[in-house]
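Pasting protein-v4.cif here (mmCIF, C-alpha atoms):
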data_start
#
loop_
_atom_site.label_atom_id
_atom_site.label_comp_id
_atom_site.auth_asym_id
_atom_site.auth_seq_id
_atom_site.Cartn_x
_atom_site.Cartn_y
_atom_site.Cartn_z
CA MET A 1 44.68 14.90 10.94
CA ILE A 2 44.95 13.13 14.29
CA GLY A 3 48.48 12.95 15.65
CA VAL A 4 50.30 9.93 16.98
CA VAL A 5 48.95 8.67 20.30
CA ASN A 6 51.53 7.03 22.54
CA SER A 7 49.79 5.96 25.77
CA VAL A 8 47.66 2.84 26.00
CA GLU A 9 44.88 4.79 27.73
CA ALA A 10 44.78 7.36 24.95
CA VAL A 11 44.61 4.64 22.27
CA ILE A 12 41.74 2.90 24.04
CA ALA A 13 39.89 6.20 24.38
CA SER A 14 40.41 6.95 20.69
CA ILE A 15 39.13 3.50 19.71
CA GLN A 16 36.02 3.93 21.84
CA GLY A 17 35.39 7.44 20.53
CA LEU A 18 36.04 6.89 16.81
CA SER A 19 34.39 3.50 16.27
CA ALA A 20 30.79 4.67 16.44
CA ARG A 21 30.65 6.54 13.14
CA SER A 22 31.80 5.10 9.81
CA GLY A 23 33.21 8.47 8.79
CA ASP A 24 35.73 8.34 11.67
CA LEU A 25 37.03 4.81 10.93
CA SER A 26 39.58 5.96 8.37
CA ALA A 27 41.07 8.41 10.89
CA LEU A 28 41.12 5.66 13.52
CA HIS A 29 42.92 3.37 11.11
CA ASP A 30 45.64 5.98 10.51
CA LEU A 31 45.98 6.59 14.24
CA LEU A 32 46.40 2.90 15.02
CA ARG A 33 48.99 2.49 12.27
CA GLY A 34 51.02 5.32 13.71
CA ALA A 35 50.76 4.09 17.30
CA GLU A 36 51.78 0.44 16.74
CA ASP A 37 55.50 0.76 17.48
CA SER A 38 55.06 2.83 20.61
CA LEU A 39 52.35 0.49 21.92
CA ARG A 40 54.53 -2.59 21.54
CA ALA A 41 57.27 -0.84 23.50
CA ASN A 42 54.87 0.11 26.31
CA GLN A 43 55.05 -2.19 29.34
CA ASP A 44 51.33 -1.67 30.02
CA PHE A 45 50.48 -3.14 26.60
CA ASN A 46 49.04 -6.57 27.50
CA ILE A 47 46.05 -8.77 26.81
CA SER A 48 44.01 -7.37 29.69
CA ILE A 49 43.39 -4.06 27.89
CA LEU A 50 41.11 -5.90 25.43
CA ASP A 51 38.58 -6.22 28.25
CA GLN A 52 37.87 -2.52 27.80
CA LEU A 53 36.76 -3.03 24.18
CA ASP A 54 33.75 -4.65 22.55
CA PRO A 55 34.93 -6.84 19.64
CA SER A 56 31.72 -6.23 17.68
CA ASN A 57 31.58 -2.45 18.14
CA HIS A 58 35.30 -1.69 18.33
CA SER A 59 36.40 -4.30 15.76
CA LEU A 60 39.11 -2.24 14.06
CA GLY A 61 40.87 -1.27 17.28
CA TYR A 62 40.40 -4.74 18.79
CA LEU A 63 41.97 -6.24 15.66
CA PHE A 64 45.06 -4.02 15.80
CA ILE A 65 45.68 -4.74 19.47
CA LEU A 66 45.01 -8.50 19.26
CA GLU A 67 47.18 -8.90 16.16
CA ASN A 68 50.11 -7.15 17.85
CA LEU A 69 49.71 -9.03 21.13
CA THR A 70 49.71 -12.47 19.48
CA ARG A 71 52.94 -12.01 17.55
CA GLY A 72 55.94 -14.19 18.34
CA PRO A 73 56.28 -17.68 19.81
CA VAL A 74 53.79 -18.96 22.36
CA SER A 75 53.73 -21.89 24.78
CA GLU A 76 51.40 -24.84 24.22
CA GLU A 77 49.26 -23.81 27.20
CA ASN A 78 48.86 -20.22 26.05
CA ALA A 79 48.31 -21.24 22.41
CA SER A 80 44.94 -22.81 23.24
CA ASP A 81 43.71 -19.66 25.02
CA GLU A 82 44.99 -17.54 22.16
CA VAL A 83 43.12 -19.64 19.58
CA THR A 84 39.91 -19.31 21.61
CA ARG A 85 40.23 -15.54 21.81
CA ILE A 86 40.97 -15.17 18.09
CA ALA A 87 38.05 -17.46 17.17
CA LYS A 88 35.64 -15.47 19.34
CA PHE A 89 36.80 -12.24 17.72
CA ILE A 90 36.32 -13.65 14.21
CA ASN A 91 32.77 -14.68 15.05
CA SER A 92 31.76 -11.35 16.58
CA CYS A 93 33.73 -8.73 14.62
CA ASP A 94 32.15 -6.26 12.22
CA ALA A 95 33.00 -7.09 8.58
CA ARG A 96 32.96 -3.45 7.48
CA GLN A 97 35.57 -2.47 10.05
CA ILE A 98 37.99 -5.38 9.61
CA ARG A 99 38.07 -4.88 5.82
CA LEU A 100 39.77 -1.53 6.47
CA ALA A 101 42.75 -3.50 7.80
CA SER A 102 42.39 -6.71 5.80
CA ASP A 103 46.14 -7.41 5.99
CA LYS A 104 45.95 -7.44 9.81
CA PHE A 105 42.87 -9.65 9.75
CA VAL A 106 44.50 -12.16 7.39
CA SER A 107 47.64 -12.19 9.53
CA LEU A 108 45.58 -12.89 12.67
CA CYS A 109 43.63 -15.72 11.00
CA LYS A 110 46.81 -17.31 9.70
CA ARG A 111 48.19 -17.15 13.23
CA LEU A 112 45.17 -19.10 14.44
CA LYS A 113 45.82 -21.74 11.77
CA ASP A 114 49.51 -21.99 12.71
CA ARG A 115 48.63 -22.50 16.38
CA ILE A 116 46.44 -25.55 15.64
CA LEU A 117 48.52 -27.24 12.94
CA PRO A 118 50.45 -30.40 13.85
CA ARG A 119 54.05 -29.52 14.74
CA ASP A 120 57.02 -31.35 16.25
CA SER A 121 55.54 -34.10 18.45
CA LEU A 122 52.19 -32.36 18.88
CA PRO A 123 49.23 -33.75 16.89
CA GLY A 124 47.47 -30.42 16.48
CA ASP A 125 43.73 -29.86 16.20
CA PRO A 126 42.87 -28.69 12.66
CA LEU A 127 39.15 -29.30 13.18
CA ARG A 128 39.12 -26.46 15.70
CA GLY A 129 39.98 -23.85 13.10
CA ILE A 130 37.61 -24.82 10.28
CA ALA A 131 34.50 -22.93 11.44
CA PRO A 132 36.37 -19.71 12.40
CA LEU A 133 38.24 -19.58 9.08
CA LEU A 134 35.06 -20.16 7.07
CA THR A 135 33.45 -17.26 8.94
CA ALA A 136 36.55 -15.15 8.33
CA ILE A 137 36.38 -15.82 4.58
CA HIS A 138 32.75 -14.72 4.39
CA LYS A 139 33.48 -11.54 6.35
CA LEU A 140 36.56 -10.69 4.31
CA GLN A 141 34.95 -11.32 0.93
CA VAL A 142 33.18 -8.43 -0.76
CA SER A 143 32.04 -10.91 -3.43
CA THR A 144 32.07 -14.71 -3.71
CA LYS A 145 33.97 -14.25 -6.98
CA ARG A 146 37.01 -12.98 -5.10
CA LEU A 147 39.69 -15.32 -3.81
CA THR A 148 41.04 -14.35 -0.39
CA ALA A 149 44.36 -15.27 1.19
CA LEU A 150 42.40 -17.43 3.67
CA HIS A 151 40.84 -19.80 1.11
CA PRO A 152 43.94 -22.05 0.88
CA ASP A 153 44.34 -22.13 4.68
CA PHE A 154 40.72 -23.17 5.15
CA LEU A 155 41.06 -25.97 2.58
CA GLN A 156 44.30 -27.14 4.19
CA LEU A 157 42.58 -27.49 7.57
CA CYS A 158 39.67 -29.36 5.96
CA LEU A 159 42.15 -31.77 4.38
CA LEU A 160 44.00 -32.40 7.62
CA ALA A 161 40.72 -32.91 9.51
CA LYS A 162 39.24 -34.99 6.64
CA GLN A 163 36.24 -32.65 6.50
CA TYR A 164 35.97 -32.87 2.73
CA LYS A 165 32.31 -31.85 2.40
CA THR A 166 32.90 -28.68 4.40
CA GLY A 167 35.89 -27.83 2.23
CA PHE A 168 33.92 -28.47 -0.94
CA SER A 169 31.35 -25.86 0.13
CA ILE A 170 33.60 -23.01 -1.09
CA LEU A 171 34.71 -24.74 -4.29
CA SER A 172 31.40 -24.25 -6.06
CA ASP A 173 32.01 -20.50 -6.38
CA ASP A 174 33.44 -19.28 -9.70
CA ILE A 175 36.60 -17.37 -8.78
CA LEU A 176 37.23 -14.40 -11.08
CA GLU A 177 39.39 -12.10 -8.95
CA VAL A 178 42.80 -13.13 -7.57
CA ASP A 179 45.32 -10.92 -5.77
CA GLN A 180 48.24 -13.32 -5.29
CA PRO A 181 49.05 -16.16 -7.75
CA LYS A 182 50.42 -18.23 -4.87
CA ASP A 183 47.01 -18.21 -3.18
CA PHE A 184 45.36 -19.36 -6.41
CA PHE A 185 47.84 -22.23 -6.83
CA HIS A 186 47.27 -23.47 -3.30
CA TYR A 187 43.50 -23.01 -3.54
CA CYS A 188 43.32 -25.15 -6.68
CA TYR A 189 45.77 -27.77 -5.39
CA TYR A 190 44.13 -28.25 -2.00
CA GLY A 191 40.71 -28.02 -3.66
CA GLY A 192 41.66 -30.80 -6.05
CA MET A 193 42.67 -33.01 -3.15
CA ILE A 194 39.37 -32.25 -1.40
CA CYS A 195 37.52 -33.38 -4.54
CA ILE A 196 39.59 -36.57 -4.70
CA GLY A 197 38.51 -37.34 -1.13
CA LEU A 198 34.88 -36.97 -2.24
CA LYS A 199 35.54 -38.85 -5.52
CA LYS A 200 34.45 -35.79 -7.48
CA PHE A 201 37.13 -36.47 -10.04
CA GLN A 202 35.86 -34.15 -12.78
CA LYS A 203 36.07 -31.13 -10.48
CA ALA A 204 39.50 -32.30 -9.25
CA LEU A 205 40.75 -32.42 -12.86
CA GLU A 206 39.46 -28.90 -13.45
CA LEU A 207 41.30 -27.53 -10.41
CA PHE A 208 44.60 -29.32 -11.16
CA TYR A 209 44.32 -28.14 -14.77
CA ASN A 210 44.05 -24.55 -13.52
CA VAL A 211 47.36 -24.92 -11.67
CA VAL A 212 49.18 -26.45 -14.64
CA THR A 213 47.93 -23.86 -17.14
CA ALA A 214 48.29 -20.78 -14.91
CA PRO A 215 50.81 -18.19 -16.18
CA MET A 216 54.30 -18.67 -14.71
CA HIS A 217 57.79 -17.59 -15.73
CA ILE A 218 59.53 -20.48 -13.98
CA LEU A 219 58.15 -23.92 -13.21
CA SER A 220 56.72 -24.07 -9.68
CA ALA A 221 56.86 -27.12 -7.41
CA ILE A 222 53.11 -26.99 -6.87
CA ALA A 223 52.51 -27.17 -10.65
CA VAL A 224 54.62 -30.33 -10.75
CA GLU A 225 52.66 -31.95 -7.92
CA ALA A 226 49.34 -30.89 -9.46
CA TYR A 227 50.31 -32.41 -12.81
CA LYS A 228 51.23 -35.73 -11.19
CA LYS A 229 47.78 -35.94 -9.63
CA TYR A 230 46.19 -34.70 -12.85
CA ILE A 231 47.66 -37.66 -14.73
CA VAL A 232 46.48 -40.29 -12.24
CA VAL A 233 43.01 -38.76 -11.80
CA SER A 234 42.65 -38.64 -15.60
CA LEU A 235 43.23 -42.39 -15.69
CA ILE A 236 40.68 -43.02 -12.94
CA HIS A 237 37.97 -40.74 -14.31
CA ASN A 238 38.50 -40.72 -18.09
CA GLY A 239 40.15 -44.09 -18.55
CA GLN A 240 42.86 -42.54 -20.68
CA PHE A 241 45.62 -39.97 -20.64
CA SER A 242 47.12 -37.70 -23.27
CA SER A 243 50.84 -37.04 -22.94
CA SER A 244 50.44 -33.71 -24.76
CA LEU A 245 50.40 -30.74 -22.44
CA PRO A 246 47.60 -28.16 -22.84
CA LYS A 247 48.47 -25.57 -25.49
CA CYS A 248 47.54 -22.77 -23.12
CA ALA A 249 50.26 -23.83 -20.64
CA SER A 250 53.18 -21.44 -20.22
CA THR A 251 56.52 -21.93 -21.98
CA ALA A 252 58.15 -22.89 -18.67
CA VAL A 253 55.62 -25.69 -18.24
CA GLN A 254 55.88 -26.87 -21.84
CA ARG A 255 59.65 -27.14 -21.65
CA ASN A 256 60.24 -28.58 -18.19
CA LEU A 257 57.18 -30.24 -16.65
CA LYS A 258 57.40 -33.72 -18.21
CA GLY A 259 60.96 -34.18 -16.97
CA TYR A 260 59.72 -34.11 -13.38
CA CYS A 261 56.88 -36.60 -13.99
CA VAL A 262 58.56 -39.47 -15.85
CA ALA A 263 57.07 -42.23 -13.68
CA TYR A 264 53.56 -40.80 -14.08
CA ASN A 265 53.85 -40.42 -17.85
CA GLU A 266 55.05 -44.02 -18.01
CA LEU A 267 52.05 -45.11 -15.94
CA GLY A 268 49.71 -43.29 -18.33
CA THR A 269 51.35 -44.82 -21.41
CA PHE A 270 50.95 -48.39 -20.16
CA TYR A 271 47.41 -47.67 -18.99
CA ASN A 272 46.43 -46.57 -22.49
CA GLU A 273 47.71 -49.91 -23.84
CA GLY A 274 45.12 -51.67 -21.66
CA LYS A 275 47.30 -54.54 -20.38
CA ILE A 276 46.75 -54.95 -16.69
CA SER A 277 49.82 -57.11 -15.97
CA GLU A 278 52.16 -54.58 -17.59
CA LEU A 279 50.48 -51.69 -15.79
CA GLU A 280 50.87 -53.42 -12.43
CA ALA A 281 54.55 -54.05 -13.21
CA VAL A 282 55.13 -50.37 -13.97
CA ALA A 283 53.30 -49.36 -10.79
CA MET A 284 55.51 -51.66 -8.70
CA ALA A 285 58.69 -50.52 -10.45
CA ASN A 286 57.95 -46.88 -9.51
CA ILE A 287 56.42 -47.56 -6.10
CA GLU A 288 59.11 -45.58 -4.26
CA THR A 289 58.35 -42.49 -6.33
CA PHE A 290 54.62 -42.83 -5.72
CA GLU A 291 55.18 -43.32 -1.98
CA LYS A 292 57.40 -40.24 -1.78
CA ASP A 293 54.69 -38.21 -3.49
CA ASN A 294 51.94 -39.68 -1.27
CA ASN A 295 50.12 -40.91 -4.37
CA VAL A 296 50.15 -44.68 -3.79
CA GLY A 297 46.43 -44.78 -3.00
CA LEU A 298 45.59 -42.89 -6.18
CA VAL A 299 47.82 -45.13 -8.28
CA LYS A 300 46.12 -48.24 -6.87
CA GLN A 301 42.75 -46.76 -7.81
CA ALA A 302 44.06 -46.10 -11.32
CA VAL A 303 45.26 -49.69 -11.71
CA ALA A 304 41.92 -51.03 -10.45
CA SER A 305 40.03 -48.75 -12.83
CA LEU A 306 41.68 -50.40 -15.83
CA TYR A 307 39.52 -53.49 -15.25
CA LYS A 308 36.41 -51.34 -15.52
CA ARG A 309 37.77 -49.46 -18.52
CA ASN A 310 38.41 -52.76 -20.34
CA ILE A 311 34.91 -53.98 -19.49
CA LEU A 312 33.52 -50.70 -20.85
CA ARG A 313 35.39 -51.32 -24.11
CA LEU A 314 33.73 -54.71 -24.38
CA THR A 315 30.28 -53.09 -24.32
CA GLN A 316 31.19 -51.29 -27.54
CA LYS A 317 31.96 -54.57 -29.33
CA TYR A 318 29.54 -57.16 -27.93
CA LEU A 319 25.83 -57.41 -27.15
CA THR A 320 26.17 -60.47 -24.91
CA LEU A 321 29.09 -62.14 -23.15
CA SER A 322 29.47 -64.74 -20.46
CA LEU A 323 30.97 -63.71 -17.14
CA GLN A 324 33.80 -66.16 -17.76
CA ASP A 325 34.54 -64.57 -21.13
CA ILE A 326 34.66 -61.15 -19.49
CA ALA A 327 37.02 -62.48 -16.82
CA ASN A 328 39.34 -63.93 -19.47
CA MET A 329 39.34 -60.82 -21.67
CA VAL A 330 40.08 -58.32 -18.90
CA GLN A 331 42.43 -60.63 -16.96
CA LEU A 332 40.29 -61.16 -13.87
CA ALA A 333 40.77 -64.26 -11.71
CA ASN A 334 37.34 -65.82 -12.27
CA ALA A 335 33.71 -65.24 -13.27
CA LYS A 336 32.79 -64.18 -9.71
CA GLU A 337 35.20 -61.26 -9.82
CA ALA A 338 33.84 -60.31 -13.24
CA GLU A 339 30.30 -60.32 -11.83
CA MET A 340 31.33 -58.05 -8.95
CA HIS A 341 32.92 -55.54 -11.33
CA VAL A 342 29.93 -55.55 -13.69
CA LEU A 343 27.45 -55.09 -10.82
CA GLN A 344 29.46 -52.17 -9.42
CA MET A 345 29.62 -50.51 -12.83
CA ILE A 346 25.84 -50.92 -13.25
CA GLN A 347 25.30 -49.38 -9.80
CA ASP A 348 27.60 -46.44 -10.64
CA GLY A 349 25.79 -45.86 -13.94
CA GLN A 350 28.92 -46.55 -16.00
CA ILE A 351 27.23 -49.28 -18.05
CA HIS A 352 23.70 -50.57 -18.60
CA ALA A 353 23.40 -54.35 -18.52
CA LEU A 354 21.43 -57.36 -17.27
CA ILE A 355 23.02 -60.47 -15.73
CA ASN A 356 21.30 -63.84 -16.15
CA GLN A 357 22.20 -65.77 -13.00
CA LYS A 358 21.16 -69.13 -14.50
CA ASP A 359 23.59 -69.26 -17.41
CA GLY A 360 26.04 -66.53 -16.30
CA MET A 361 25.41 -64.40 -19.39
CA VAL A 362 25.59 -60.59 -19.47
CA ARG A 363 23.45 -58.60 -21.94
CA PHE A 364 24.59 -55.05 -22.58
CA LEU A 365 21.85 -52.43 -23.05
CA GLU A 366 21.55 -48.93 -24.49
CA ASP A 367 21.49 -45.91 -22.19
CA PRO A 368 17.81 -45.56 -21.12
CA GLU A 369 18.14 -41.84 -20.43
CA GLN A 370 15.88 -39.90 -22.83
CA TYR A 371 16.63 -36.46 -21.30
CA LYS A 372 12.92 -35.83 -20.82
CA THR A 373 12.58 -36.00 -17.04
CA SER A 374 12.06 -32.90 -14.90
CA GLU A 375 15.28 -33.66 -13.00
CA MET A 376 17.33 -33.71 -16.21
CA ILE A 377 15.68 -30.50 -17.44
CA GLU A 378 16.62 -28.80 -14.15
CA ILE A 379 20.23 -29.96 -14.54
CA MET A 380 20.42 -28.69 -18.10
CA ASP A 381 18.85 -25.36 -17.12
CA SER A 382 21.34 -24.97 -14.28
CA VAL A 383 24.26 -25.57 -16.66
CA ILE A 384 22.84 -23.10 -19.19
CA GLN A 385 22.34 -20.40 -16.53
CA ARG A 386 25.89 -20.89 -15.23
CA THR A 387 27.25 -20.62 -18.77
CA ILE A 388 25.30 -17.41 -19.37
CA GLY A 389 26.65 -15.99 -16.11
CA LEU A 390 30.24 -16.87 -17.04
CA SER A 391 29.77 -15.30 -20.46
CA LYS A 392 28.59 -12.04 -18.88
CA ASN A 393 31.55 -12.05 -16.50
CA LEU A 394 33.97 -12.54 -19.41
CA LEU A 395 32.43 -9.61 -21.28
CA VAL A 396 32.82 -7.37 -18.23
CA MET A 397 36.46 -8.48 -17.80
CA ASP A 398 37.16 -7.92 -21.50
CA GLU A 399 35.73 -4.40 -21.37
CA SER A 400 37.72 -3.62 -18.24
CA LEU A 401 40.94 -4.90 -19.80
CA SER A 402 40.38 -2.96 -23.03
CA CYS A 403 40.36 0.27 -20.99
CA ASP A 404 43.30 -0.57 -18.71
CA PRO A 405 46.10 1.97 -19.35
CA LEU A 406 48.83 -0.49 -18.30
CA TYR A 407 47.57 -3.18 -20.66
CA LEU A 408 47.04 -0.77 -23.55
CA GLY A 409 50.49 0.74 -23.02
CA LYS A 410 52.14 -2.68 -23.08
CA VAL A 411 50.23 -3.68 -26.22
CA GLY A 412 51.31 -0.44 -27.87
CA ARG A 413 54.97 -1.08 -27.05
CA GLU A 414 54.75 -4.67 -28.32
CA ARG A 415 53.22 -3.52 -31.60
CA GLN A 416 56.01 -0.99 -32.08
CA ARG A 417 58.59 -3.65 -31.25
CA TYR A 418 57.36 -6.10 -33.87
CA ASP A 419 56.33 -3.37 -36.37
CA PHE A 420 53.16 -4.87 -37.73
CA GLY A 421 52.57 -1.86 -39.93
CA ASP A 422 49.03 -0.64 -40.49
CA ASP A 423 47.32 -3.95 -39.73
CA PHE A 424 46.41 -2.80 -36.22
CA ASP A 425 44.96 0.39 -34.81
CA THR A 426 47.35 2.45 -32.75
CA VAL A 427 46.89 2.76 -29.00
CA PRO A 428 44.96 5.92 -28.07
CA GLN A 429 47.35 8.71 -27.06
CA LYS A 430 45.70 9.19 -23.64
CA PHE A 431 46.58 5.58 -22.73
CA SER A 432 50.19 5.68 -23.93
CA MET A 433 52.73 4.99 -21.20
#

Turn this file's structure into C-alpha cells for me.
Amino acid sequence: MIGVVNSVEAVIASIQGLSARSGDLSALHDLLRGAEDSLRANQDFNISILDQLDPSNHSLGYLFILENLTRGPVSEENASDEVTRIAKFINSCDARQIRLASDKFVSLCKRLKDRILPRDSLPGDPLRGIAPLLTAIHKLQVSTKRLTALHPDFLQLCLLAKQYKTGFSILSDDILEVDQPKDFFHYCYYGGMICIGLKKFQKALELFYNVVTAPMHILSAIAVEAYKKYIVVSLIHNGQFSSSLPKCASTAVQRNLKGYCVAYNELGTFYNEGKISELEAVAMANIETFEKDNNVGLVKQAVASLYKRNILRLTQKYLTLSLQDIANMVQLANAKEAEMHVLQMIQDGQIHALINQKDGMVRFLEDPEQYKTSEMIEIMDSVIQRTIGLSKNLLVMDESLSCDPLYLGKVGRERQRYDFGDDFDTVPQKFSM
C-alpha cells in the first residue's frame, strides 16, 4: 500500500512511474485520491505542472490534476484557454485509464460544457463542445448499450448549436443500461427535441413516451414537458391523439399528469373532431401557454397538419374529387391551396393520386408498393434482425434479474405480505434477505 504523497514533485514522479503498467494503475488511483486535499493546499499546485505529463500516457494523473485545477469560477478570458486544454485532453487521453476515475472524467467534461454555454449577456459557443463530448462518450462507454452521464450534455449542445444530425448519431443505439434516472429523462427529452428538428416524429414519440412511462414516485417536471410535446407530435405524425395515458405509466403520472397539460389535451380533443376553425380558435385561446412552453411552432405544425389529415380521410371515401370540392370539404381558401396540399402529400408519400390539370380533378390510387423490391427486403431484414437482438437482450436481462438477491428478497417479502398461499414457489433460502 502506497502512502499519502504530499509534495507536487512526488505526485508527478509517482504518476510518471506508475502509469506505464496496467497493474500499477489501481495503486496510482488510490494515491491520487489520498493526495487531492494536500495538493490543492500547496501553493506550487498550478497549471504549469501539467507540462511535465503526457496526456496520452499519463491520462489518469493528468485527469486528477486538471480536474482539480479547473474547479471554481473562471474569467471569460481564462475560460477559453481552459476549454481548449480540456478538449485536447479528451482527444488524446487513454480510455482504459480515465475509466478508473470516471466520476472525475464526467466532472471535467461537464465543466467544459458549462464554460461554453450561454450565460448572462454572453452568447456562448455550444458548437465548440460537440466534438469533444462525442469523443468523451465513446471513450467512457464500455458498450453502446450503456447510457453515460454525458449523453444528455452532448444532446443539449447539439440542440443549442442546431446540429441535429450530429445529435441523432447517438440516438440509434438501443440503451439497456442506465445508472441515473435523471440522465435517462434528459437523454430522452433532448433526444426527442433533436428528432423534432429533423422531423423524425416517430422516433421523437418513442423517446417522449419513454419519459412519460418511466418509473417515478412523484411527478417530475421533465415528464410534464415531455407529455406536452408527446401530445402535439402525436397530432402531427399520427393525425390523432388518445387522452388515455399508457397503462404502464406510474401511479404518480396516472393521477397528476393531465392536470398540468389541460391546454394540450384540449388541443388534442378539438383536433380529433376535425374542424379546423375550432382548432385554430383553441390554439389562439391558449397561445400564452404555448409560448411559455416554447411550443408555438409545434402547435402551428399540428394545426396545419389537420388539413392533410382531412384530405387523407377523403381518400378513404372517394375515388375522384375536384380540387374545389377538396378545398370546400377541408376548409381551404381555394382550389389552388388544395392543389398545393395534395401535391405535397403525394411528394411525402402520404397519399397516391393523379391530378388532371385540364379539369382540376384528383384521382386517388392504391398504394403501389408490393414489398418485393430489394430495398424493401433489406428494410424488413434490418427490422427483423433488430427485433431478434432486442429479444436476446431481454432474455439476458430476465435471467440476470431472476438471480438478483435484492430482487428475489423483495419478491419474497411481498409474497409474505400478501399471503398468496401455495400458488407461488418460495424464494430460495440462499437469496433471502

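Nearest residue to A:Gly61 among A:Gly167, A:Gly129, A:Gly17, A:Pro73 is A:Gly17, counting only C-alpha atoms.
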
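When atom CA of A:Lys88 is paired with atom CA of A:Asp120, their separation reads 26.8 Å.
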
To verify the selection step, state as a list in words which residues the PyMOL selection byres ((chain A and resi 111) around 9) yields on this input.
-> Glu67, Thr70, Arg71, Val83, Ile86, Val106, Ser107, Leu108, Cys109, Lys110, Leu112, Lys113, Asp114, Arg115 and Ile116 of chain A

Between A:Asp348, A:Met193, A:Arg119, A:Ile47, single out the one closest to A:Tyr164, counting all atoms listed in the file.
->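 Answer, going by the shortest atom-to-atom distance: A:Met193.
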
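The smallest atom-to-atom distance between A:Arg85 and any of A:Gly259, A:Gly349, A:Pro55, A:Gly239, using only C-alpha atoms, is found for A:Pro55.
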
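Ranking A:Ile236, A:Leu314, A:Leu155, A:Leu306 by their shortest atom-to-atom distance to A:Asp183, with all atoms listed in the file included, puts A:Leu155 first.
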
Which distance in Å separates atom CA of A:Val362 and atom CA of A:Lys275, to one decimal?
-> 22.6 Å

Counting all atoms listed in the file, what are the residues of stretch 196-288 of chain A within 10 Å of stretch 327-345 of chain A, and for each of them which pair of atoms is the nearest and at what distance in Å, to one decimal? Sort the table by chain and rising number, as a tab-separated table.
residue	atom	partner	partner_atom	distance
A:Gly274	CA	A:Val330	CA	8.8
A:Lys275	CA	A:Val330	CA	8.3
A:Ile276	CA	A:Gln331	CA	7.1
A:Ser277	CA	A:Gln331	CA	8.2

Let's have the selection written as a compact mmCIF listing (two decimals), in the frame of the given file, with C-alpha atoms.
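As a result, again_10.txt now contains:
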# COMPACT_ATOMS: atom_id res chain seq x y z
CA GLY A 274 45.12 -51.67 -21.66
CA LYS A 275 47.30 -54.54 -20.38
CA ILE A 276 46.75 -54.95 -16.69
CA SER A 277 49.82 -57.11 -15.97

Given the PyMOL selection byres ((chain A and resi 136) around 9), the residues it picks as a VMD selection string = chain A and resid 90 to 91 95 105 to 106 109 131 to 135 137 to 141 150

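Counting all atoms listed in the file and comparing A:Gln350, A:Gln180, A:Ser169, A:Ser250, the residue that lies closest to A:Asn238 is A:Gln350.
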
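With distances taken over all atoms listed in the file, A:Met361 is the one residue among A:Ile377, A:Leu117, A:Met361, A:Leu354 lying closest to A:Asp325.
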
Target residues per the PyMOL selection byres ((chain A and resi 16) around 9), formatted as a PyMOL selection string = chain A and resi 11-15+17-20+52-54+57-58+61

Residue contacts of A:Ala214 (9 Å, all atoms listed in the file) excluding same-chain residues fewer than 2 positions away, as number ranges by chain = A: 181, 185, 209-212, 216, 223, 248-250

N, CA, C and O atoms are what I want for stretch 331-341 of chain A; can you complete it accordingly and write them as a short mmCIF file (atom, residue, chain, number, x, y, z; two decimals), keeping the file's coordinate frame?
data_model
loop_
_atom_site.label_atom_id
_atom_site.label_comp_id
_atom_site.auth_asym_id
_atom_site.auth_seq_id
_atom_site.Cartn_x
_atom_site.Cartn_y
_atom_site.Cartn_z
N GLN A 331 41.41 -60.06 -17.86
CA GLN A 331 42.43 -60.63 -16.96
C GLN A 331 42.02 -60.62 -15.50
O GLN A 331 42.81 -60.29 -14.61
N LEU A 332 40.74 -60.97 -15.24
CA LEU A 332 40.29 -61.16 -13.87
C LEU A 332 40.45 -62.63 -13.49
O LEU A 332 40.54 -63.50 -14.35
N ALA A 333 40.47 -62.90 -12.18
CA ALA A 333 40.77 -64.26 -11.71
C ALA A 333 39.69 -65.27 -12.10
O ALA A 333 40.00 -66.39 -12.48
N ASN A 334 38.43 -64.88 -12.00
CA ASN A 334 37.34 -65.82 -12.27
C ASN A 334 36.05 -65.05 -12.60
O ASN A 334 36.01 -63.82 -12.56
N ALA A 335 35.00 -65.83 -12.89
CA ALA A 335 33.71 -65.24 -13.27
C ALA A 335 33.09 -64.46 -12.12
O ALA A 335 32.38 -63.47 -12.34
N LYS A 336 33.34 -64.88 -10.87
CA LYS A 336 32.79 -64.18 -9.71
C LYS A 336 33.32 -62.76 -9.62
O LYS A 336 32.56 -61.82 -9.35
N GLU A 337 34.62 -62.61 -9.84
CA GLU A 337 35.20 -61.26 -9.82
C GLU A 337 34.62 -60.41 -10.94
O GLU A 337 34.36 -59.22 -10.77
N ALA A 338 34.43 -61.04 -12.11
CA ALA A 338 33.84 -60.31 -13.24
C ALA A 338 32.43 -59.83 -12.89
O ALA A 338 32.05 -58.70 -13.21
N GLU A 339 31.67 -60.68 -12.22
CA GLU A 339 30.30 -60.32 -11.83
C GLU A 339 30.31 -59.14 -10.86
O GLU A 339 29.49 -58.22 -10.98
N MET A 340 31.23 -59.14 -9.92
CA MET A 340 31.33 -58.05 -8.95
C MET A 340 31.64 -56.73 -9.65
O MET A 340 31.04 -55.69 -9.33
N HIS A 341 32.57 -56.76 -10.61
CA HIS A 341 32.92 -55.54 -11.33
C HIS A 341 31.75 -55.04 -12.17
O HIS A 341 31.45 -53.83 -12.19
#
